[in-house]
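Remarks on the structure that follows.
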Amino acid sequence: MVPITYYLLLAAALFCMGMFGVLVRTNALVVFMCVELMLNAANLTFLAFARMHGDGIGHVSAFFVIAVAAAEAAIGLAIVIAVFRSRGTVNVDDIRTMKH
Amino acid sequence: MTLPNITLADFLPLLPALIMVVGASILLLSEVFLSSSASRGYQAVLTVATAVASGLTALGLMFEPPHAVFLGYGVLDPFSSFLTLVVCVGLALAALASVSFLRKRGAERGEFYALMLFASAGMSLLAMSAEFITLFVNLEVLSVATYALTAYLRRGTRPSEAGFKYFILGAFSSAVLLYGTALLYGATGTTKLADMAGPLSQALATAPALVYTGAILVAAGFAFKVAAVPFHMWTPDVYEGAPTPVTALMSAGVKAAAFAAMVRVFLTVGKGMDPHMPLALFSTLALLTMVVGNLLAIPQRNVKRMLAYSSIAHAGYLLLGVAALFVTAPGEHFRILGASALTGGTPLDVARSDALRGILYYLLAYTFSAVGAFALVSALERREDEDKGTAWDLERFSGLAQRRPGWAFAMTAFMLSLGGIPPTIGFMSKLLIFQSAIDVGLVGLTIVAVLSSAAGVYYYLRVVVYMFMRPVPEGAQTLERSWGTEVALVISTVAVVLLGIIPGRVSEWLAHAGTLFGQ
C-alpha cells in the first residue's frame with residue numbers, strides 16, 4: 001500500500017502549482033484551471049486523511065466539493081464569456097480599465 | 001443502519017433562510033410568465049417583503065436558548081440570529097435602491113432580486129454553520145450568487161471585469177480555505193467544530209505544523225472574504241465595477257456573514273493553541289487593515305472607490321474587536337469600562353461578550369450607513385458616464401445641498417456615521433468596539449484605531465464640503481427621484497441618527513446577542 005504521506009505530498013504539490021498558476025498565468029482560462037487544481041488538491045487531501053482515519057466524512061466532503069466546483073465552473077465560464085464578448089480577449093493583463 | 005434523529009425543531013433556525021429561498025423561487029418562476037415589456041415593479045416590493053418577514057423571524061429566534069441543530073452541523077444562537085437580522089436589513093435597503101438603478105438601465109428582471117435573496121440565504125446559513133463542509137457550501141452559495149450579481153450588467157466593460165476579478169480571487173480564497181479545512185480534518189479526524197476542541201489539543205502535541213498550517217490557511221481564506229489587508233487587492237475594483245446596489249449588499253452582507261463565520265471558527269480552533277497565536281494574527285491583520293485602508297482612501301476622488309477603501313478600513317476596526325476576543329491574560333490595566341460589568345461573570349467573560357456585542361453592533365451600524373451611502377451614489381450616477389469613469393466623481397456631489405437638500409442631509413448623516421462622529425450609530429458602535437478592546441488591554445492597537453479613524457474623517461467630510469460649499473456645476477442634469485431610493489434613504493437616515501441617540505430596543509436585543517453557542 002502506498003503510504004499516506006505520498007498522497008499528501010502530491011496534494012500539496014498540486015495545491016502549490018495551482019496557487020502559483022493563479023498568481024502568474026495571464027490567460028483567464030488557465031487561471032481558472034489552476035483554481036480547479038487547488039480545489040482538487042484539497043479533495044485529494046480529504047480522501048487521504050479519510051483513509052487514514054477510516055471514516056466517511058472525508059469521502060462525503062469530496063463529493064460536496066465536486067458539486068460546488070461544478071457550480072463555480074458554470075458561473076466562472078459564463079463570466080469569462082461575458083469578458084470575451086465585451087473586449088475580445090481573455091488575457092488577464094488586458095482586463096484593467098479601472099485605475100489603481 | 002439507524003437514521004439520524006432529525007426532528008422538525010431542527011428546521012426552525014433555517015426558517016429565515018427558507019423564507020428567502022421561497023421568495024427567490026417565486027420571483028424566478030413568475031419571470032417565466034411575464035412578457036419582456038410587462039411591469040416588474042412588484043419584484044422589489046416582494047423582495048423587501050421577504051426580507052422583512054425573514055428579519056422578523058430571525059428576531060423571534062433570537063430569544064431561543066442557544067442549541068445545536070442537525071446533529072451539530074449547525075447551531076441556533078442569538079449571535080447567528082442577530083446576524084441574519086443585519087443581513088435582512090442590508091438586503092431590504094439594497095433591493096429598494098435597485099428599483100430605479102435597474103429601470104434606468106432597462107435591466108429590471110426577477111433574476112436579479114432572486115440572486116440577491118439566494119445570496120442572503122447563504123449569508124444567514126453561513127452565520128449558523130458549525131461544521132466545515134456546511135460552512136464551505138454556504139460560503140459558496142453566497143459567493144456564487146454574488147459573482148453572478150457583480151457581472152449582472154453584461155453589456156458594460158466594467159461589470160464583467162469586476163465579476164471576473166471577484167470570481168478569480170473569490171474562488172482562489174475558497175480553495176485556500178478548503179485546503180486549510182482538509183488539513184484541520186486530517187489533524188483532528190472531524191469537521192464538526194463542537195467535536196474539534198479535544199482532538200485539536202492532542203494534535204497540537206503530535207503534529208503542530210499540520211494544525212497551524214491549516215488554521216493559517218483558513219484564516220487567509222476568511223481574510224480575503226472580509227477584505228483584510230494584505231488580501232484586499234480585489235476590493236476597490238470589484239466594488240467600483242459592480243452595480244451599485246450589489247456593491248451595497250456586498251459591503252454589508254458578505255462582510256457580516258464572513259466575520260460571523262470567522263469568529264465562530266476561530267473561537268473553537270484557537271482554543272487548544274498557544275493563545276498568543278490567534279491574538280498576534282488578528283492584531284496584525286487589524287493594524288494593517290485599519291492603517292492601509294484609511295491611507296488609500298484619502299487620495300480617492302471617486303466616491304464609490306473611496307467607499308470601497310473605507311470598507312477595508314472598517315474591516316480593520318472589526319478585526320480589532322475580533323482580536324479582543326482572543327486575549328486570555330489581560331495586562332495590568334485590566335478593568336471593565338462597559339455597563340455590563342454589573343452583570344457578573346469573570347471579567348474576561350464579560351469583556352469577551354462585550355467584544356462580540358461590539359462586533360455585531362458595528363456590523364449593524366455599517367450596514368445602515370454604507371448601504372445608505374451606496375444608495376445615494378446610485379441615485380446620482382448616470383449610465384452614460386460609467387465607461388468614462390466619471391460617474392462617481394466628487395464633482396457629482398457639488399451643490400447637492402441646493403438641488404436636493406434632503407439627499408445632502410442624508411449623505412451627511414452617513415458620512416458622519418462612517419467617520420464615527422456623534423450623534424450617529426457609527427459613533428456608538430466604534431465606542432463599543434474600542435471600549436471592549438481597551439477593557440482587555442489592547443491599548444496600543446486602540447490608539448492606532450482612533451488615530452486612523454480620525455484620518456478617515458478627512459475623506460468623509462470632503463464629500464460633505466462638496467455638497468454644501470461648492471456651487472452647482474453648469475449644465476448639471478436633473479436628478480430624478482424614485483420611491484425606492486427615497487424610502488431606502490429615509491429608513492437608513494432615521495436609523496443612523498436615531499440609533500445614535502437612543503439605542504432603545506436594539507441595545508436590548510444586543511444584550512442577548514453576545515451569546516455564542518458552546519462558549
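Chain lettering (A, B, ...) mirrors the order of the C-alpha cells, residue numbering begins at 1 for each chain separately, and ligand numbering begins at 1 in order of display.
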
>> With 6 Å as the limit and counting only C-alpha atoms, what residues in chain A lie close to chain B? Please list them as a PyMOL selection string.
In response: chain A and resi 35+38-39+42+46+49+83+86

>> Using DSSP assignments from the backbone, pull out every residue in region 413-500 of chain B that falls under alpha helix (DSSP H) and give it to me as a ChimeraX atom specification.
In response: /B:413-419,425-439,443-469,483-500

> Using only C-alpha atoms, which residues sit within 12 Å of Val60 (chain A) once same-chain residues fewer than 2 positions away are excluded, as an NGL selection string?
Replying inline: (:A and (43 or 46-47 or 50 or 55-58 or 62-67)) or (:B and (133-134 or 191))

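Among the candidates B:Leu115, B:Val464, B:Leu34, B:Val497, the one nearest to Gly399 (chain B) when counting only C-alpha atoms is B:Val464.
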
>> Between CA of Leu210 (chain B) and CA of Thr45 (chain A), what distance in Å does the model show, to one decimal?
In response: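 Result for CA of Leu210 (chain B) versus CA of Thr45 (chain A): 12.0 Å, one decimal.
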
> To one decimal place, how far is CA of Lys104 (chain B) from CA of Lys255 (chain B) in Å?
Replying inline: 28.0 Å

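For the residues A:Asn40, A:Val31, A:Asp94, A:Ala71, ranking by smallest atom-to-atom distance to Ala11 (chain A) using only C-alpha atoms places A:Asn40 first.
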
> Could you pull the residues within 8 Å of Tyr466 (chain B), counting only C-alpha atoms, minus those fewer than 5 positions along the same chain, as a VMD selection string?
Replying inline: chain B and resid 394 to 395 397 to 400

>> Which residues are close to region 485-493 of chain B, i.e. within 9 Å by only C-alpha atoms, leaving aside same-chain residues fewer than 3 positions away? Reply as a ChimeraX atom specification.
In response: /B:92-101,367-369,371-373,375-376,378-379,407,409-411,413-414,481-482,496-498

> With only C-alpha atoms as the basis for distance, which of B:Gly214, B:Ser129, B:Tyr42, B:Leu59 is at the shortest distance from Glu508 (chain B)?
Replying inline: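 Ranking B:Gly214, B:Ser129, B:Tyr42, B:Leu59 by distance to Glu508 (chain B), first place goes to B:Leu59.
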
>> One decimal, in Å: what's the spacing between CA of Val327 (chain B) and CA of Pro275 (chain B)?
In response: 7.3 Å

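Excluding Ala13 (chain A) itself and same-chain residues fewer than 2 positions from it, the residues having an atom within 12 Å of it are A:Tyr6, A:Tyr7, A:Leu8, A:Leu9, A:Leu10, A:Ala11, A:Phe15, A:Cys16, A:Met17, A:Gly18, A:Met19, A:Phe20, A:Leu37, A:Met38, A:Asn40, A:Ala41, A:Ala42, A:Leu44, A:Thr45, counting only C-alpha atoms.
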
>> What's around Val322 (chain B) at 8 Å? Count only C-alpha atoms, leave out sequence neighbours fewer than 6 positions away in its own chain, and write the answer as a list in words.
In response: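 These residues fall inside the cut-off: Val263, Phe282, Ala355, Leu356 and Ile359 of chain B.
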
>> Restricting the calculation to only C-alpha atoms: of B:Gly110, B:Phe434, B:Val443, B:Leu3, which residue gets closest to Phe33 (chain B)?
In response: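 Of the candidates, the smallest distance to Phe33 (chain B) is held by B:Gly110.
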